[in-house]
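Enquirer: This is the content of query.cif (mmCIF, C-alpha atoms):
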data_structure
#
loop_
_atom_site.label_atom_id
_atom_site.label_comp_id
_atom_site.auth_asym_id
_atom_site.auth_seq_id
_atom_site.Cartn_x
_atom_site.Cartn_y
_atom_site.Cartn_z
CA MET A 1100 200.55 -105.95 62.26
CA VAL A 1101 200.65 -102.49 63.70
CA ALA A 1102 197.35 -101.03 62.54
CA ALA A 1103 195.35 -104.24 62.64
CA LYS A 1104 191.91 -102.77 62.36
CA LYS A 1105 190.97 -99.28 61.41
CA THR A 1106 188.92 -97.88 64.26
CA LYS A 1107 185.52 -96.38 63.73
CA LYS A 1108 186.85 -93.02 64.92
CA THR A 1109 189.52 -92.53 62.27
CA HIS A 1110 187.16 -93.72 59.57
CA GLU A 1111 184.60 -91.12 60.53
CA SER A 1112 187.26 -88.46 60.65
CA ILE A 1113 188.31 -89.19 57.08
CA ASN A 1114 184.70 -88.97 56.02
CA SER A 1115 184.22 -85.64 57.72
CA ARG A 1116 187.44 -84.29 56.26
CA LEU A 1117 186.39 -85.44 52.82
CA ALA A 1118 183.03 -83.73 53.24
CA LEU A 1119 184.82 -80.50 54.08
CA VAL A 1120 187.01 -80.83 50.99
CA MET A 1121 183.94 -81.42 48.83
CA LYS A 1122 182.42 -78.25 50.22
CA SER A 1123 185.40 -75.91 50.24
CA GLY A 1124 188.23 -77.39 48.22
CA ARG A 1125 189.07 -78.49 44.72
CA TYR A 1126 189.14 -82.14 43.76
CA THR A 1127 188.63 -84.44 40.82
CA LEU A 1128 186.90 -87.79 40.76
CA GLY A 1129 187.77 -90.67 38.52
CA TYR A 1130 190.81 -92.50 37.17
CA LYS A 1131 191.47 -90.39 34.08
CA THR A 1132 191.42 -87.08 35.87
CA VAL A 1133 193.42 -88.45 38.80
CA LEU A 1134 196.24 -89.37 36.42
CA LYS A 1135 195.95 -85.96 34.74
CA SER A 1136 196.22 -84.20 38.08
CA LEU A 1137 199.30 -86.23 38.96
CA ARG A 1138 200.93 -85.54 35.60
CA ASN A 1139 200.57 -81.77 35.86
CA SER A 1140 201.50 -81.89 39.55
CA LYS A 1141 198.24 -80.33 40.72
CA GLY A 1142 197.16 -83.26 42.88
CA LYS A 1143 198.16 -83.23 46.53
CA LEU A 1144 196.52 -86.37 47.85
CA VAL A 1145 195.05 -89.39 46.12
CA ILE A 1146 192.39 -91.59 47.70
CA ILE A 1147 191.72 -95.05 46.31
CA ALA A 1148 188.78 -97.30 47.17
CA ASN A 1149 189.51 -100.80 48.39
CA ASN A 1150 187.85 -102.60 45.47
CA CYS A 1151 189.88 -100.78 42.88
CA PRO A 1152 191.33 -103.32 40.40
CA PRO A 1153 194.89 -104.15 41.52
CA LEU A 1154 196.52 -103.14 38.23
CA ARG A 1155 194.87 -99.75 38.30
CA LYS A 1156 195.73 -99.37 41.98
CA SER A 1157 199.41 -100.08 41.35
CA GLU A 1158 199.44 -97.73 38.38
CA ILE A 1159 198.05 -94.86 40.45
CA GLU A 1160 200.47 -95.66 43.27
CA TYR A 1161 203.39 -95.64 40.83
CA TYR A 1162 202.40 -92.27 39.42
CA ALA A 1163 201.99 -90.95 42.95
CA MET A 1164 205.43 -92.29 43.86
CA LEU A 1165 206.95 -90.43 40.92
CA ALA A 1166 205.09 -87.25 41.83
CA LYS A 1167 205.85 -87.66 45.55
CA VAL A 1168 202.18 -87.45 46.41
CA GLY A 1169 200.54 -89.34 49.26
CA VAL A 1170 198.08 -92.14 48.57
CA HIS A 1171 195.35 -93.03 51.02
CA HIS A 1172 193.64 -96.40 50.76
CA TYR A 1173 190.09 -95.70 51.75
CA ASN A 1174 188.54 -98.26 54.03
CA GLY A 1175 185.48 -98.90 51.89
CA ASN A 1176 184.59 -99.72 48.32
CA ASN A 1177 183.78 -97.38 45.50
CA VAL A 1178 180.13 -97.16 46.51
CA ASP A 1179 181.14 -96.03 50.01
CA LEU A 1180 183.67 -93.57 48.67
CA GLY A 1181 181.05 -92.07 46.37
CA THR A 1182 178.70 -91.70 49.31
CA ALA A 1183 181.45 -90.14 51.39
CA CYS A 1184 181.93 -87.58 48.64
CA GLY A 1185 178.24 -86.80 48.73
CA LYS A 1186 177.70 -88.17 45.23
CA TYR A 1187 175.11 -90.59 43.96
CA PHE A 1188 177.60 -92.50 41.81
CA ARG A 1189 180.56 -94.77 42.52
CA VAL A 1190 183.99 -93.22 42.91
CA CYS A 1191 186.98 -95.52 42.66
CA CYS A 1192 189.70 -92.94 43.02
CA LEU A 1193 189.85 -89.25 43.62
CA SER A 1194 192.51 -86.60 43.77
CA ILE A 1195 192.49 -83.56 46.02
CA MET A 1196 194.05 -80.50 44.46
CA ASP A 1197 193.20 -77.88 47.03
CA PRO A 1198 191.98 -78.95 50.46
CA GLY A 1199 190.16 -75.70 51.22
CA ASP A 1200 189.48 -75.50 54.93
CA SER A 1201 190.22 -79.16 55.56
CA ASP A 1202 193.39 -80.51 57.12
CA ILE A 1203 193.13 -83.80 55.28
CA ILE A 1204 196.50 -83.42 53.62
CA LYS A 1205 198.34 -82.64 56.82
CA SER A 1206 196.78 -85.45 58.81
CA MET A 1207 196.43 -88.24 56.26
CA PRO A 1208 199.40 -88.63 53.92
CA GLY A 1209 201.50 -90.82 56.22
CA ASP A 1210 198.95 -93.54 55.56
CA HIS A 1211 199.81 -96.04 52.87
CA MET B 1086 203.48 -82.61 43.52
CA VAL B 1087 206.74 -83.02 41.70
CA LYS B 1088 206.74 -82.73 37.97
CA PHE B 1089 208.12 -85.95 36.57
CA LEU B 1090 207.48 -85.71 32.83
CA LYS B 1091 210.72 -83.89 32.22
CA PRO B 1092 213.46 -84.27 29.62
CA ASN B 1093 215.63 -87.38 30.03
CA LYS B 1094 212.83 -89.37 31.64
CA ALA B 1095 212.47 -92.90 30.30
CA VAL B 1096 208.90 -93.74 29.36
CA ILE B 1097 207.04 -96.59 27.74
CA ILE B 1098 204.77 -95.86 24.79
CA LEU B 1099 201.36 -97.36 25.37
CA GLN B 1100 199.43 -96.75 22.18
CA GLY B 1101 200.02 -96.74 18.49
CA ARG B 1102 202.49 -98.52 16.31
CA TYR B 1103 205.23 -98.20 18.92
CA ALA B 1104 203.20 -99.55 21.83
CA GLY B 1105 205.43 -101.37 24.29
CA ARG B 1106 208.58 -99.58 23.18
CA LYS B 1107 210.79 -97.62 25.50
CA ALA B 1108 211.54 -94.01 24.77
CA VAL B 1109 213.17 -91.00 26.35
CA ILE B 1110 211.54 -87.59 26.63
CA VAL B 1111 213.52 -84.96 24.77
CA LYS B 1112 211.18 -82.00 25.11
CA SER B 1113 207.89 -81.66 26.92
CA PHE B 1114 205.02 -79.32 26.12
CA ASP B 1115 202.89 -79.34 29.24
CA ASP B 1116 200.30 -76.87 28.07
CA GLY B 1117 200.25 -77.99 24.48
CA THR B 1118 200.65 -75.87 21.41
CA ARG B 1119 198.27 -74.28 18.94
CA ASP B 1120 198.19 -77.46 16.84
CA ARG B 1121 198.05 -79.88 19.75
CA ALA B 1122 195.93 -78.48 22.52
CA TYR B 1123 196.92 -81.13 25.05
CA GLY B 1124 199.98 -81.99 27.07
CA HIS B 1125 202.42 -83.86 24.88
CA CYS B 1126 206.12 -84.41 24.47
CA LEU B 1127 208.72 -85.11 21.88
CA VAL B 1128 210.25 -88.52 22.45
CA ALA B 1129 213.06 -90.48 20.89
CA GLY B 1130 212.54 -94.19 21.22
CA ILE B 1131 213.79 -97.55 20.14
CA LYS B 1132 212.07 -99.16 17.20
CA LYS B 1133 214.22 -102.26 17.10
CA TYR B 1134 216.12 -103.29 20.20
CA PRO B 1135 219.70 -104.55 19.99
CA SER B 1136 219.96 -108.33 20.16
CA LYS B 1137 221.66 -110.28 22.88
CA VAL B 1138 225.43 -110.33 22.40
CA ILE B 1139 227.29 -113.44 23.62
CA LYS B 1140 230.96 -113.94 24.25
CA LYS B 1141 231.29 -116.35 21.36
CA ASP B 1142 230.39 -113.68 18.80
CA SER B 1143 232.97 -112.34 16.42
CA ALA B 1144 233.54 -108.61 16.22
CA LYS B 1145 231.53 -108.40 13.03
CA LYS B 1146 228.62 -110.22 14.63
CA THR B 1147 228.75 -108.07 17.74
CA ALA B 1148 228.59 -104.95 15.62
CA LYS B 1149 225.63 -106.33 13.74
CA LYS B 1150 223.82 -107.38 16.92
CA SER B 1151 224.35 -104.05 18.68
CA ARG B 1152 222.42 -102.04 16.14
CA VAL B 1153 219.53 -99.96 17.39
CA LYS B 1154 216.76 -98.56 15.22
CA CYS B 1155 215.18 -95.35 16.51
CA PHE B 1156 212.06 -93.32 16.06
CA ILE B 1157 211.15 -89.76 16.90
CA LYS B 1158 207.59 -88.89 17.72
CA LEU B 1159 205.29 -86.39 19.36
CA VAL B 1160 203.19 -88.34 21.87
CA ASN B 1161 200.28 -87.36 24.08
CA TYR B 1162 201.00 -87.76 27.79
CA GLN B 1163 197.99 -90.04 28.03
CA HIS B 1164 199.73 -92.55 25.80
CA LEU B 1165 202.86 -92.79 27.90
CA MET B 1166 203.71 -94.70 31.03
CA PRO B 1167 206.43 -92.87 32.93
CA THR B 1168 209.06 -94.93 34.74
CA ARG B 1169 211.49 -94.23 37.48
CA TYR B 1170 214.42 -94.52 35.08
CA THR B 1171 216.23 -91.74 33.28
CA LEU B 1172 218.50 -91.72 30.29
CA ASP B 1173 220.80 -88.76 30.09
CA VAL B 1174 221.76 -88.71 26.45
CA ASP B 1175 222.01 -85.25 24.96
CA LEU B 1176 219.51 -85.19 22.11
CA LYS B 1177 218.24 -81.63 22.39
CA ASP B 1178 220.19 -80.29 19.44
CA VAL B 1179 219.35 -83.18 17.17
CA VAL B 1180 215.73 -84.00 17.99
CA THR B 1181 213.57 -80.95 17.44
CA VAL B 1182 210.01 -80.34 16.38
CA ASP B 1183 211.04 -78.99 12.99
CA ALA B 1184 213.00 -82.20 12.38
CA LEU B 1185 209.57 -83.82 12.07
CA GLN B 1186 208.40 -81.53 9.28
CA SER B 1187 210.00 -83.28 6.35
CA LYS B 1188 210.92 -86.85 5.68
CA GLU B 1189 214.61 -86.20 5.01
CA LYS B 1190 215.05 -84.14 8.17
CA LYS B 1191 213.34 -86.86 10.16
CA VAL B 1192 215.58 -89.55 8.73
CA GLY B 1193 218.65 -87.46 9.43
CA ALA B 1194 217.62 -86.87 13.03
CA ALA B 1195 216.82 -90.55 13.50
CA LYS B 1196 220.25 -91.52 12.17
CA GLU B 1197 221.93 -89.18 14.62
CA THR B 1198 219.94 -90.48 17.60
CA LYS B 1199 220.71 -94.01 16.44
CA ALA B 1200 224.41 -93.22 16.65
CA ARG B 1201 224.05 -91.76 20.14
CA PHE B 1202 221.92 -94.62 21.40
CA GLU B 1203 224.34 -97.18 20.02
CA GLU B 1204 227.33 -95.60 21.67
CA ARG B 1205 225.43 -95.51 24.95
CA PHE B 1206 224.45 -99.16 24.55
CA LYS B 1207 228.05 -100.18 23.93
CA THR B 1208 229.21 -98.64 27.21
CA GLY B 1209 226.88 -101.03 29.03
CA LYS B 1210 225.09 -98.33 31.01
CA ASN B 1211 221.30 -97.92 31.12
CA ARG B 1212 220.90 -101.63 30.56
CA TRP B 1213 217.18 -101.47 31.35
CA PHE B 1214 216.49 -99.02 28.56
CA PHE B 1215 217.95 -101.26 25.88
CA THR B 1216 216.21 -104.44 26.91
CA LYS B 1217 212.93 -105.30 25.30
CA LEU B 1218 209.87 -105.09 27.54
CA ARG B 1219 208.34 -108.56 27.67
CA PHE B 1220 204.56 -108.70 27.63
#
Could you write out this structure as structure tokens?
Expert:
Amino acid sequence: MVAAKKTKKTHESINSRLALVMKSGRYTLGYKTVLKSLRNSKGKLVIIANNCPPLRKSEIEYYAMLAKVGVHHYNGNNVDLGTACGKYFRVCCLSIMDPGDSDIIKSMPGDH
Amino acid sequence: MVKFLKPNKAVIILQGRYAGRKAVIVKSFDDGTRDRAYGHCLVAGIKKYPSKVIKKDSAKKTAKKSRVKCFIKLVNYQHLMPTRYTLDVDLKDVVTVDALQSKEKKVGAAKETKARFEERFKTGKNRWFFTKLRF
């Protein structure tokens, strides 16, 4: 396996990039709005938590494949993803529509 | 970032009487209309799939088995599952929103799409579209 274990460094960098997006960009949280953003081609990057149910995960990945949008599998569950977004609730999937000052879209999308 | 709910896209209806049926998008209304303030599209789908035709069948039986029953419907995007398949059958002139206004216009439009679907089925192309989704 090429990327056997995600290093601490890249994990922190995703978190910091996400924090910047939360501050300066536009995003939506949650399965329904993620699909909506993919349908109207506003979403640019989709992040999915690792404990997302597999059917829902494949559905989001299929929509993202049709829309040619990158999907990032976050290394953490929905609780961690919610914390990374600075929220006090769980976030299973989120879609970034406008990254603001962050370079998350340029540096992340190769990840699947 | 690519729009994929475009005309000729094959989709699967997820809710309603036609749940599980395959359909093709004829016209899409991304921003909705005055009556329907949400993204929706006009689809033409298969109500009754053609049965399996075997070599042993006579010509009369083949004709009977290759019949397709169609429906025309305005469906919310939320109630569709898009697929990677497309079906390029020209239905724009036949399937229109005002064909849904009265029963006789709807029946006429459905008959015309039935004819076009059947001729496409008989050529053997788009095999996926004319097979029933098993679930």
Enquirer: Taking 6 positions as the minimum chain separation for residues in the same chain, which residues sit within 12 Å of stretch 1161-1167 of chain A when counting all atoms listed in the file? Answer as a ChimeraX atom specification.
Expert: /A:1130,1133-1147,1154-1155,1194,1208-1209,1211 /B:1086-1091,1094,1165-1170
Enquirer: Go through the shown structure with the PyMOL selection byres ((chain B and resi 1172-1176) around 7) and write out the matching residues as a PyMOL selection string.
Expert: chain B and resi 1093-1095+1109+1111+1170-1171+1177-1180+1198+1211
Enquirer: As a PyMOL selection string, please: the residues near A:Asp1179 (cut-off 12 Å, all atoms listed in the file, same-chain neighbours under 6 positions excluded).
Expert: chain A and resi 1110+1114+1147-1150+1173+1185-1192
Enquirer: Closest to B:Arg1212 among B:Asp1120, B:Tyr1134, B:Gly1193, B:His1125, using all atoms listed in the file?
Expert: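 Selected residue with least distance to B:Arg1212: B:Tyr1134.
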Enquirer: Ranking A:Ile1113, A:Ile1204, A:Val1168, A:Cys1151 by minimum distance to A:Gly1129 and counting all atoms listed in the file, which one comes first?
Expert: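 Nearest to A:Gly1129: A:Cys1151.
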Enquirer: Could you jot down the atom CA of A:Met1196 to atom CA of B:Gly1124 separation for me, Å, one decimal place?
Expert: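 Straight-line distance from atom CA of A:Met1196 to atom CA of B:Gly1124 works out to 18.4 Å.
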